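Undergrad: My structure is below; once you've seen it, I'll send some questions.
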Amino acid sequence: MKQRIMALSRKKWFSMAVWIFALVCVWEIGASVVAGTKRSPENILPHLYQIAVAAFSPEPVSAGMSAAAVVLTSAGATLLRALLGFACGTVLGFALALLMQLSGIVEKLVFPYLMLIQLIPVLGLAPIILSITGDINQSRIVIAAVLSFYPVAANTLAGFQSVEKEKYDLMYTYAARKSVIYKKILIPSAIPYFFTGLKIAAPMAVTASILVDTLQGDGGLGCMLSQSLKHAMSIYVFWLIVFFSAFIGIFSGYLMGRLELLVSPEKRKPRKAQKRKGN
Amino acid sequence: MSGKEEKEVEISIRDVGVAFCDNAGNHVQALTGVNLDIYKGEFVALLGPSGCGKTTLLRSVCDLQEVTEGEIRISGKTPGEIRLEQKFGFVFQQPVLLSWRTVKKNVELPLEIMYYSKADRSKRADEMLQMVGLSDFADHYPGQLSGGMQQRANIARAFGLRPDILLMDEPFSALDEFTKEKLHMDLLQIWSETNKTILFVTHNIQEAVLLSDRVCVLSPHPGRLSAVVDIDLPRDRTLEMKETAHFNELVSKVRNSFEGGSV
Ligand SMILES: Nc1ncnc2c1ncn2[C@@H]1O[C@H](COP(=O)(O)OP(=O)(O)OP(=O)(O)O)[C@@H](O)[C@H]1O
Ligand SMILES: [Mg+2]
């Protein structure tokens, strides 16, 4: 019996199930306490089934749309921009890392100040970008790009710098040209680090885009979120968005992991012959 | 090798010294006053205890290490010029494999860099993997191989290149006895077929005697060439030669040439 449990605990889905179960328990205990003590418990912590009911109820909450429809349409607006910004940030981040690797001067000039971008709070940066671009969609893209840019650039640069001296020595004996060394050694070495950057950046781009939404009443997840909080529509829209964005955030990170496996076959676990002992 | 007068000096090492400055600013003399002529097509073994500068000498020959005294000439050119002509192959002491490439793709790496056609690369790599006994692992990644298997892939990569000058830094020391003996014979086979120059670092006396035309014995502190022993065993060496009296005589001769006795 004990062995069984040990074997089970090594499975990935098992630990995930335990976590989800624990979270649901804590949530429900909290919800019960809140329900017993507060006057409008759904504003603080509703029961999970109430949120589920809200997700599937066809009752219109805003402009004739059901809660789920509101979330999904506004998600489209936000996530598309998050994705665009993320893509731009990724490309720029990789390019800058390459530039810093190619030129020590660029690295010394740029790298210390890159961190500053990261230190400016998005809440402060967003209105500035909005007033410059004057367009909420462009601002979403720019903010998502700014936030994804740094983790990608910093991680990719670390990847370039992780290449051992022995590999340079090997390429030196072949008298390989610089472009060949980049193509065959440096860029492949940086790929795992690049993906670490992507895994950090992807959820950040989503969060950033939602934050930018709250600045203007033009739709988007963040906008609905604040309207719902201000009781302009059912509070359950808020809860749905919370869950939905959490899911998207986690999913975006997961997606990057899958993408990495696609790009780097050596990271795939070799399919071992299943050892099964009857017990 | 017949008649000395036919031999053409390929690598000429003149009064070579290499000094390092370590982090504490101390001066370390890794090599001093090394004089050696290596002939075209010769198989030379560099033998010596750990830290006597074998790797340093090998690295100096292929321009990985600058000499601080004297000079090295290869066919009248500097090591740097020869390197740019892509005439070196170097088997490092540690297998330097690229983890994101399969074993076969690792073997193909230098061939890619030197613009061999895809078909040639594949054929050459298959032959070499067959030779080192890794055919079944061609599509594995280095991370899935044992240390000895990685080293065999490393050797296959250097053999596949067929460089004019092959520099090998203790290529077989991580291998088991059986694989080692097989690869000794394979190395000699490749060498006799292609007639390239080989500089082979080892600290195994038997190995040095079995493989080489000459054994160069290095001594430490500071690293210097203390003796050169001609190995006059007939060519087409076989593993059985190890049993002969003459082989053992040569081994003793090399052992006795170490300053201060045994290694
Ligand atoms: N990059 C370096 N910086 C400082 N000292 C070095 C450097 N490389 C080698 N040395 C010194 O030079 C000496 C010779 O080193 P080398 O690596 O050539 O020895 P080796 O004969 O190859 O030894 P082993 O059999 O252990 O590989 C050593 O004393 C070592 O400390
Ligand atoms: Mg060495």
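Within each chain, counting starts at residue 1; across the structure tokens, chains are named A, B, ... in the order shown, with ligands numbered 1 upward in that order.
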Compile the residues of chain A that lie within 9 Å of chain B, evaluated using only C-alpha atoms, and express the compilation as a ChimeraX atom specification.
TA: /A:166-167,169-177,180,184-185,188-189,264-267,270
Undergrad: I need the residues from that last selection saved to file as a PDB file, in the first residue's frame (with N, CA, C and O atoms), if you can.
TA:
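Below you can see result-v9.pdb, which holds the result:
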```
ATOM      1  N   GLU A 166      35.589  25.230 -24.080  1.00  0.00           N
ATOM      2  CA  GLU A 166      35.940  24.061 -24.894  1.00  0.00           C
ATOM      3  C   GLU A 166      35.249  24.105 -26.258  1.00  0.00           C
ATOM      4  O   GLU A 166      35.825  23.712 -27.263  1.00  0.00           O
ATOM      5  N   LYS A 167      34.004  24.588 -26.280  1.00  0.00           N
ATOM      6  CA  LYS A 167      33.276  24.617 -27.545  1.00  0.00           C
ATOM      7  C   LYS A 167      33.891  25.661 -28.476  1.00  0.00           C
ATOM      8  O   LYS A 167      34.003  25.436 -29.684  1.00  0.00           O
ATOM      9  N   ASP A 169      37.019  26.476 -28.377  1.00  0.00           N
ATOM     10  CA  ASP A 169      38.284  25.863 -28.791  1.00  0.00           C
ATOM     11  C   ASP A 169      38.067  24.924 -29.975  1.00  0.00           C
ATOM     12  O   ASP A 169      38.808  24.941 -30.951  1.00  0.00           O
ATOM     13  N   LEU A 170      37.025  24.098 -29.868  1.00  0.00           N
ATOM     14  CA  LEU A 170      36.726  23.145 -30.932  1.00  0.00           C
ATOM     15  C   LEU A 170      36.488  23.882 -32.253  1.00  0.00           C
ATOM     16  O   LEU A 170      37.076  23.536 -33.281  1.00  0.00           O
ATOM     17  N   MET A 171      35.656  24.914 -32.196  1.00  0.00           N
ATOM     18  CA  MET A 171      35.351  25.655 -33.417  1.00  0.00           C
ATOM     19  C   MET A 171      36.593  26.374 -33.944  1.00  0.00           C
ATOM     20  O   MET A 171      36.766  26.549 -35.135  1.00  0.00           O
ATOM     21  N   TYR A 172      37.460  26.771 -33.005  1.00  0.00           N
ATOM     22  CA  TYR A 172      38.695  27.446 -33.397  1.00  0.00           C
ATOM     23  C   TYR A 172      39.586  26.498 -34.197  1.00  0.00           C
ATOM     24  O   TYR A 172      40.164  26.880 -35.205  1.00  0.00           O
ATOM     25  N   THR A 173      39.668  25.231 -33.751  1.00  0.00           N
ATOM     26  CA  THR A 173      40.525  24.297 -34.492  1.00  0.00           C
ATOM     27  C   THR A 173      39.960  24.036 -35.895  1.00  0.00           C
ATOM     28  O   THR A 173      40.704  23.727 -36.804  1.00  0.00           O
ATOM     29  N   TYR A 174      38.646  24.178 -36.052  1.00  0.00           N
ATOM     30  CA  TYR A 174      38.064  24.009 -37.391  1.00  0.00           C
ATOM     31  C   TYR A 174      38.189  25.285 -38.209  1.00  0.00           C
ATOM     32  O   TYR A 174      37.765  25.327 -39.353  1.00  0.00           O
ATOM     33  N   ALA A 175      38.719  26.348 -37.588  1.00  0.00           N
ATOM     34  CA  ALA A 175      38.786  27.662 -38.220  1.00  0.00           C
ATOM     35  C   ALA A 175      37.402  28.075 -38.729  1.00  0.00           C
ATOM     36  O   ALA A 175      37.249  28.561 -39.843  1.00  0.00           O
ATOM     37  N   ALA A 176      36.386  27.853 -37.894  1.00  0.00           N
ATOM     38  CA  ALA A 176      35.014  28.199 -38.285  1.00  0.00           C
ATOM     39  C   ALA A 176      34.824  29.709 -38.236  1.00  0.00           C
ATOM     40  O   ALA A 176      35.372  30.376 -37.368  1.00  0.00           O
ATOM     41  N   ARG A 177      34.072  30.211 -39.200  1.00  0.00           N
ATOM     42  CA  ARG A 177      33.795  31.651 -39.226  1.00  0.00           C
ATOM     43  C   ARG A 177      32.842  32.018 -38.095  1.00  0.00           C
ATOM     44  O   ARG A 177      32.100  31.183 -37.581  1.00  0.00           O
ATOM     45  N   VAL A 180      29.282  31.071 -38.475  1.00  0.00           N
ATOM     46  CA  VAL A 180      29.080  29.631 -38.283  1.00  0.00           C
ATOM     47  C   VAL A 180      29.020  29.312 -36.798  1.00  0.00           C
ATOM     48  O   VAL A 180      28.192  28.513 -36.347  1.00  0.00           O
ATOM     49  N   LYS A 184      25.877  27.504 -35.236  1.00  0.00           N
ATOM     50  CA  LYS A 184      25.989  26.105 -34.810  1.00  0.00           C
ATOM     51  C   LYS A 184      26.190  25.945 -33.309  1.00  0.00           C
ATOM     52  O   LYS A 184      25.925  24.889 -32.768  1.00  0.00           O
ATOM     53  N   ILE A 185      26.709  26.969 -32.649  1.00  0.00           N
ATOM     54  CA  ILE A 185      26.990  26.823 -31.214  1.00  0.00           C
ATOM     55  C   ILE A 185      26.176  27.802 -30.364  1.00  0.00           C
ATOM     56  O   ILE A 185      25.404  27.401 -29.504  1.00  0.00           O
ATOM     57  N   PRO A 188      22.031  27.720 -30.709  1.00  0.00           N
ATOM     58  CA  PRO A 188      21.455  26.512 -30.085  1.00  0.00           C
ATOM     59  C   PRO A 188      21.677  26.458 -28.573  1.00  0.00           C
ATOM     60  O   PRO A 188      20.810  25.995 -27.845  1.00  0.00           O
ATOM     61  N   SER A 189      22.834  26.942 -28.093  1.00  0.00           N
ATOM     62  CA  SER A 189      23.083  26.927 -26.655  1.00  0.00           C
ATOM     63  C   SER A 189      22.124  27.853 -25.920  1.00  0.00           C
ATOM     64  O   SER A 189      21.775  27.621 -24.766  1.00  0.00           O
ATOM     65  N   SER A 264      13.455  21.603 -29.281  1.00  0.00           N
ATOM     66  CA  SER A 264      14.634  20.884 -28.780  1.00  0.00           C
ATOM     67  C   SER A 264      14.298  19.435 -28.486  1.00  0.00           C
ATOM     68  O   SER A 264      13.944  19.097 -27.363  1.00  0.00           O
ATOM     69  N   PRO A 265      14.428  18.582 -29.480  1.00  0.00           N
ATOM     70  CA  PRO A 265      14.066  17.169 -29.289  1.00  0.00           C
ATOM     71  C   PRO A 265      14.907  16.489 -28.215  1.00  0.00           C
ATOM     72  O   PRO A 265      14.468  15.509 -27.632  1.00  0.00           O
ATOM     73  N   GLU A 266      16.122  17.022 -27.929  1.00  0.00           N
ATOM     74  CA  GLU A 266      16.966  16.343 -26.943  1.00  0.00           C
ATOM     75  C   GLU A 266      16.388  16.468 -25.541  1.00  0.00           C
ATOM     76  O   GLU A 266      16.795  15.767 -24.630  1.00  0.00           O
ATOM     77  N   LYS A 267      15.432  17.388 -25.353  1.00  0.00           N
ATOM     78  CA  LYS A 267      14.833  17.554 -24.024  1.00  0.00           C
ATOM     79  C   LYS A 267      13.684  16.593 -23.785  1.00  0.00           C
ATOM     80  O   LYS A 267      13.199  16.473 -22.674  1.00  0.00           O
ATOM     81  N   PRO A 270      13.209  10.237 -23.139  1.00  0.00           N
ATOM     82  CA  PRO A 270      13.207   9.040 -23.979  1.00  0.00           C
ATOM     83  C   PRO A 270      12.099   8.115 -23.503  1.00  0.00           C
ATOM     84  O   PRO A 270      11.903   7.954 -22.305  1.00  0.00           O
TER      85      PRO A 270
END
```
Undergrad: Neighbours of stretch 49-60 of chain A within 10 Å (only C-alpha atoms; same-chain residues fewer than 3 positions away dropped), as a list in words?
TA: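 Listed by chain and then number, they are Glu28, Glu42, Pro46, Ala63, Gly64, Met65, Ser66, Ala67, Ala68, Ala69, Val70, Val71, Met233, Ser234, Ile235, Tyr236, Val237, Phe238, Trp239, Leu240 and Phe243 of chain A.
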Undergrad: Any chance you can output those residues with N, CA and C atoms as an mmCIF file, in the first residue's frame?
TA:
```cif
data_model
loop_
_atom_site.group_PDB
_atom_site.id
_atom_site.type_symbol
_atom_site.label_atom_id
_atom_site.label_comp_id
_atom_site.auth_asym_id
_atom_site.auth_seq_id
_atom_site.Cartn_x
_atom_site.Cartn_y
_atom_site.Cartn_z
ATOM 1 N N GLU A 28 -13.168 26.722 -0.420
ATOM 2 C CA GLU A 28 -14.530 26.442 0.037
ATOM 3 C C GLU A 28 -14.683 26.723 1.531
ATOM 4 N N GLU A 42 -20.666 37.185 -2.071
ATOM 5 C CA GLU A 42 -20.175 36.976 -3.444
ATOM 6 C C GLU A 42 -19.169 38.055 -3.849
ATOM 7 N N PRO A 46 -17.136 34.007 -3.247
ATOM 8 C CA PRO A 46 -18.307 33.167 -3.472
ATOM 9 C C PRO A 46 -17.905 31.694 -3.496
ATOM 10 N N ALA A 63 -25.466 44.318 -22.255
ATOM 11 C CA ALA A 63 -25.771 44.470 -23.684
ATOM 12 C C ALA A 63 -26.276 43.165 -24.295
ATOM 13 N N GLY A 64 -27.118 42.476 -23.566
ATOM 14 C CA GLY A 64 -27.738 41.258 -24.088
ATOM 15 C C GLY A 64 -26.846 40.056 -24.137
ATOM 16 N N MET A 65 -25.612 40.141 -23.584
ATOM 17 C CA MET A 65 -24.705 38.997 -23.628
ATOM 18 C C MET A 65 -24.650 38.309 -22.266
ATOM 19 N N SER A 66 -24.495 37.006 -22.296
ATOM 20 C CA SER A 66 -24.343 36.266 -21.048
ATOM 21 C C SER A 66 -22.938 36.519 -20.492
ATOM 22 N N ALA A 67 -22.743 36.139 -19.234
ATOM 23 C CA ALA A 67 -21.453 36.392 -18.588
ATOM 24 C C ALA A 67 -20.301 35.753 -19.360
ATOM 25 N N ALA A 68 -20.511 34.502 -19.770
ATOM 26 C CA ALA A 68 -19.445 33.807 -20.499
ATOM 27 C C ALA A 68 -19.132 34.523 -21.805
ATOM 28 N N ALA A 69 -20.184 34.981 -22.499
ATOM 29 C CA ALA A 69 -19.973 35.677 -23.768
ATOM 30 C C ALA A 69 -19.208 36.976 -23.550
ATOM 31 N N VAL A 70 -19.550 37.683 -22.473
ATOM 32 C CA VAL A 70 -18.838 38.931 -22.168
ATOM 33 C C VAL A 70 -17.351 38.650 -21.988
ATOM 34 N N VAL A 71 -17.060 37.609 -21.194
ATOM 35 C CA VAL A 71 -15.652 37.292 -20.914
ATOM 36 C C VAL A 71 -14.920 36.914 -22.200
ATOM 37 N N MET A 233 -21.997 45.608 -13.663
ATOM 38 C CA MET A 233 -22.622 44.351 -14.092
ATOM 39 C C MET A 233 -22.354 43.300 -13.025
ATOM 40 N N SER A 234 -22.898 42.118 -13.239
ATOM 41 C CA SER A 234 -22.819 41.076 -12.220
ATOM 42 C C SER A 234 -21.386 40.866 -11.725
ATOM 43 N N ILE A 235 -21.231 40.720 -10.417
ATOM 44 C CA ILE A 235 -19.914 40.516 -9.819
ATOM 45 C C ILE A 235 -19.289 39.213 -10.290
ATOM 46 N N TYR A 236 -20.143 38.293 -10.762
ATOM 47 C CA TYR A 236 -19.598 37.003 -11.206
ATOM 48 C C TYR A 236 -18.754 37.144 -12.460
ATOM 49 N N VAL A 237 -19.011 38.223 -13.222
ATOM 50 C CA VAL A 237 -18.136 38.473 -14.371
ATOM 51 C C VAL A 237 -16.697 38.649 -13.875
ATOM 52 N N PHE A 238 -16.574 39.368 -12.760
ATOM 53 C CA PHE A 238 -15.255 39.557 -12.156
ATOM 54 C C PHE A 238 -14.609 38.211 -11.831
ATOM 55 N N TRP A 239 -15.375 37.374 -11.154
ATOM 56 C CA TRP A 239 -14.811 36.082 -10.763
ATOM 57 C C TRP A 239 -14.450 35.212 -11.971
ATOM 58 N N LEU A 240 -15.317 35.284 -12.974
ATOM 59 C CA LEU A 240 -15.012 34.515 -14.192
ATOM 60 C C LEU A 240 -13.705 34.985 -14.823
ATOM 61 N N PHE A 243 -10.634 33.782 -12.938
ATOM 62 C CA PHE A 243 -10.284 32.392 -13.239
ATOM 63 C C PHE A 243 -9.755 32.248 -14.661
#
```
Undergrad: A:Thr156, A:Ser252, A:Lys165, A:Gly124: which is nearest ligand 1, counting only C-alpha atoms and all ligand atoms?
TA: A:Lys165
Undergrad: Separation of atom CA of B:Arg162 and atom CA of B:Gly41, in Å?
TA: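 Atom CA of B:Gly41 lies at a distance of 12.7 Å from atom CA of B:Arg162.
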Undergrad: As an exercise, work out the distance from atom 18 (O, counted along the ligand's line) of ligand 1 to atom CA of B:Asn248 in Å and give it to one decimal place.
TA: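 Value for the atom 18 (O, counted along the ligand's line) of ligand 1-atom CA of B:Asn248 distance: 27.9 Å.
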Undergrad: As a PyMOL selection string, please: every protein or nucleic acid residue near ligand 2 (cut-off 12 Å, counting only C-alpha atoms and all ligand atoms).
TA: chain B and resi 30+46-59+91-94+168-171+173+200-203
Undergrad: For the residues in that selection, give me N, CA and C atoms as a PDB file, in the first residue's frame.
TA:
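Dumped to again.pdb:
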```pdb
ATOM      1  N   ALA B  30      55.097  26.200 -17.944  1.00  0.00           N
ATOM      2  CA  ALA B  30      54.506  24.906 -18.298  1.00  0.00           C
ATOM      3  C   ALA B  30      55.443  24.111 -19.195  1.00  0.00           C
ATOM      4  N   LEU B  46      53.383  11.595 -27.330  1.00  0.00           N
ATOM      5  CA  LEU B  46      53.916  12.440 -26.258  1.00  0.00           C
ATOM      6  C   LEU B  46      53.524  11.783 -24.949  1.00  0.00           C
ATOM      7  N   LEU B  47      54.549  11.427 -24.194  1.00  0.00           N
ATOM      8  CA  LEU B  47      54.292  10.637 -22.986  1.00  0.00           C
ATOM      9  C   LEU B  47      54.821  11.388 -21.780  1.00  0.00           C
ATOM     10  N   GLY B  48      54.083  11.351 -20.712  1.00  0.00           N
ATOM     11  CA  GLY B  48      54.588  12.011 -19.511  1.00  0.00           C
ATOM     12  C   GLY B  48      53.559  12.017 -18.414  1.00  0.00           C
ATOM     13  N   PRO B  49      54.002  12.268 -17.181  1.00  0.00           N
ATOM     14  CA  PRO B  49      53.066  12.292 -16.052  1.00  0.00           C
ATOM     15  C   PRO B  49      52.151  13.517 -16.127  1.00  0.00           C
ATOM     16  N   SER B  50      51.140  13.484 -15.307  1.00  0.00           N
ATOM     17  CA  SER B  50      50.168  14.579 -15.288  1.00  0.00           C
ATOM     18  C   SER B  50      50.848  15.912 -14.959  1.00  0.00           C
ATOM     19  N   GLY B  51      50.466  16.931 -15.708  1.00  0.00           N
ATOM     20  CA  GLY B  51      50.968  18.271 -15.414  1.00  0.00           C
ATOM     21  C   GLY B  51      52.317  18.587 -16.030  1.00  0.00           C
ATOM     22  N   CYS B  52      52.805  17.732 -16.939  1.00  0.00           N
ATOM     23  CA  CYS B  52      54.128  17.993 -17.499  1.00  0.00           C
ATOM     24  C   CYS B  52      54.054  18.813 -18.782  1.00  0.00           C
ATOM     25  N   GLY B  53      52.856  19.218 -19.181  1.00  0.00           N
ATOM     26  CA  GLY B  53      52.733  20.131 -20.312  1.00  0.00           C
ATOM     27  C   GLY B  53      52.392  19.469 -21.634  1.00  0.00           C
ATOM     28  N   LYS B  54      51.875  18.251 -21.608  1.00  0.00           N
ATOM     29  CA  LYS B  54      51.528  17.560 -22.859  1.00  0.00           C
ATOM     30  C   LYS B  54      50.425  18.303 -23.600  1.00  0.00           C
ATOM     31  N   THR B  55      49.354  18.594 -22.859  1.00  0.00           N
ATOM     32  CA  THR B  55      48.243  19.312 -23.475  1.00  0.00           C
ATOM     33  C   THR B  55      48.701  20.673 -23.982  1.00  0.00           C
ATOM     34  N   THR B  56      49.522  21.327 -23.187  1.00  0.00           N
ATOM     35  CA  THR B  56      50.002  22.650 -23.573  1.00  0.00           C
ATOM     36  C   THR B  56      50.769  22.591 -24.898  1.00  0.00           C
ATOM     37  N   LEU B  57      51.613  21.557 -25.042  1.00  0.00           N
ATOM     38  CA  LEU B  57      52.386  21.427 -26.278  1.00  0.00           C
ATOM     39  C   LEU B  57      51.446  21.178 -27.465  1.00  0.00           C
ATOM     40  N   LEU B  58      50.478  20.322 -27.252  1.00  0.00           N
ATOM     41  CA  LEU B  58      49.542  19.998 -28.324  1.00  0.00           C
ATOM     42  C   LEU B  58      48.744  21.244 -28.740  1.00  0.00           C
ATOM     43  N   ARG B  59      48.313  21.996 -27.751  1.00  0.00           N
ATOM     44  CA  ARG B  59      47.545  23.211 -28.033  1.00  0.00           C
ATOM     45  C   ARG B  59      48.406  24.240 -28.746  1.00  0.00           C
ATOM     46  N   VAL B  91      41.414  15.998 -30.977  1.00  0.00           N
ATOM     47  CA  VAL B  91      40.562  15.216 -30.075  1.00  0.00           C
ATOM     48  C   VAL B  91      40.870  15.683 -28.665  1.00  0.00           C
ATOM     49  N   PHE B  92      39.915  16.369 -28.061  1.00  0.00           N
ATOM     50  CA  PHE B  92      40.157  16.914 -26.734  1.00  0.00           C
ATOM     51  C   PHE B  92      40.110  15.807 -25.679  1.00  0.00           C
ATOM     52  N   GLN B  93      40.753  16.135 -24.564  1.00  0.00           N
ATOM     53  CA  GLN B  93      40.806  15.194 -23.444  1.00  0.00           C
ATOM     54  C   GLN B  93      39.386  14.871 -22.970  1.00  0.00           C
ATOM     55  N   GLN B  94      38.527  15.897 -22.925  1.00  0.00           N
ATOM     56  CA  GLN B  94      37.116  15.699 -22.580  1.00  0.00           C
ATOM     57  C   GLN B  94      36.315  15.699 -23.870  1.00  0.00           C
ATOM     58  N   MET B 168      45.793  14.318 -30.823  1.00  0.00           N
ATOM     59  CA  MET B 168      44.889  13.580 -29.930  1.00  0.00           C
ATOM     60  C   MET B 168      45.381  13.679 -28.504  1.00  0.00           C
ATOM     61  N   ASP B 169      44.530  14.189 -27.653  1.00  0.00           N
ATOM     62  CA  ASP B 169      44.906  14.391 -26.254  1.00  0.00           C
ATOM     63  C   ASP B 169      44.296  13.301 -25.376  1.00  0.00           C
ATOM     64  N   GLU B 170      45.059  12.308 -25.053  1.00  0.00           N
ATOM     65  CA  GLU B 170      44.599  11.168 -24.254  1.00  0.00           C
ATOM     66  C   GLU B 170      43.219  10.669 -24.704  1.00  0.00           C
ATOM     67  N   PRO B 171      43.104  10.316 -25.986  1.00  0.00           N
ATOM     68  CA  PRO B 171      41.777  10.000 -26.499  1.00  0.00           C
ATOM     69  C   PRO B 171      41.186   8.736 -25.916  1.00  0.00           C
ATOM     70  N   SER B 173      41.934   7.252 -22.839  1.00  0.00           N
ATOM     71  CA  SER B 173      42.137   6.943 -21.414  1.00  0.00           C
ATOM     72  C   SER B 173      40.827   6.671 -20.677  1.00  0.00           C
ATOM     73  N   PHE B 200      50.103  12.213 -30.597  1.00  0.00           N
ATOM     74  CA  PHE B 200      49.213  11.458 -29.723  1.00  0.00           C
ATOM     75  C   PHE B 200      49.693  11.568 -28.278  1.00  0.00           C
ATOM     76  N   VAL B 201      48.885  12.211 -27.441  1.00  0.00           N
ATOM     77  CA  VAL B 201      49.267  12.362 -26.038  1.00  0.00           C
ATOM     78  C   VAL B 201      48.728  11.196 -25.231  1.00  0.00           C
ATOM     79  N   THR B 202      49.563  10.664 -24.347  1.00  0.00           N
ATOM     80  CA  THR B 202      49.095   9.572 -23.497  1.00  0.00           C
ATOM     81  C   THR B 202      49.955   9.521 -22.243  1.00  0.00           C
ATOM     82  N   HIS B 203      49.447   8.878 -21.192  1.00  0.00           N
ATOM     83  CA  HIS B 203      50.394   8.562 -20.121  1.00  0.00           C
ATOM     84  C   HIS B 203      50.476   7.053 -19.912  1.00  0.00           C
TER      85      HIS B 203
END
```
Undergrad: Among stretch 53-90 of chain A, which ones does DSSP place in helix (DSSP H, G or I), written as a list of chain:residue names?
TA: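 Filtering stretch 53-90 of chain A down to helix (DSSP H, G or I) leaves A:Val53, A:Ala54, A:Ala55, A:Phe56, A:Ala67, A:Ala68, A:Ala69, A:Val70, A:Val71, A:Leu72, A:Thr73, A:Ser74, A:Ala75, A:Gly76, A:Ala77, A:Thr78, A:Leu79, A:Leu80, A:Arg81, A:Ala82, A:Leu83, A:Leu84, A:Gly85, A:Phe86, A:Ala87, A:Cys88, A:Gly89, A:Thr90.
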Undergrad: So that I can see what lies close to stretch 177-192 of chain B, please list as a count of residues only the residues with an atom at most 9 Å from it, counting only C-alpha atoms and leaving out residues fewer than 5 positions away in the same chain.
TA: 18
Undergrad: Could you give me the residues within stretch 24-219 of chain B that DSSP places in strand (DSSP E or B), as a PyMOL selection string?
TA: chain B and resi 27-39+43-47+69-74+77+88-91+165-169+197-202+214-219
Undergrad: Of the candidates A:Ile129, A:Val26, A:Ala75, A:Leu255, which shows the shortest atom-to-atom distance to A:Cys223, using only C-alpha atoms?
TA: A:Ala75
Undergrad: Of the residues B:Asp232, B:Glu66, B:Asp37, B:Glu243, which is the one nearest to ligand 1, using only C-alpha atoms and all ligand atoms?
TA: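 Distance minimum relative to ligand 1 lands on B:Glu66.
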Undergrad: Name the closest residue to ligand 1 among the candidates B:Phe247, B:Tyr39, B:Phe20, B:Phe137; distances are taken between atoms, counting only C-alpha atoms and all ligand atoms.
TA: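 Answer, going by the shortest atom-to-atom distance: B:Phe20.
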Undergrad: Counting only C-alpha atoms and all ligand atoms, which residue out of B:Asp15, B:Asp139, B:Glu71, B:Asp22 sits closest to ligand 1?
TA: B:Asp22
Undergrad: Could you name the residues that touch A:Thr90 at 12 Å or less, counting only C-alpha atoms, but leaving out those on the same chain fewer than 5 positions away, as a VMD selection string?
TA: chain A and resid 82 to 85 95 to 97 144 to 156 194 to 202 205
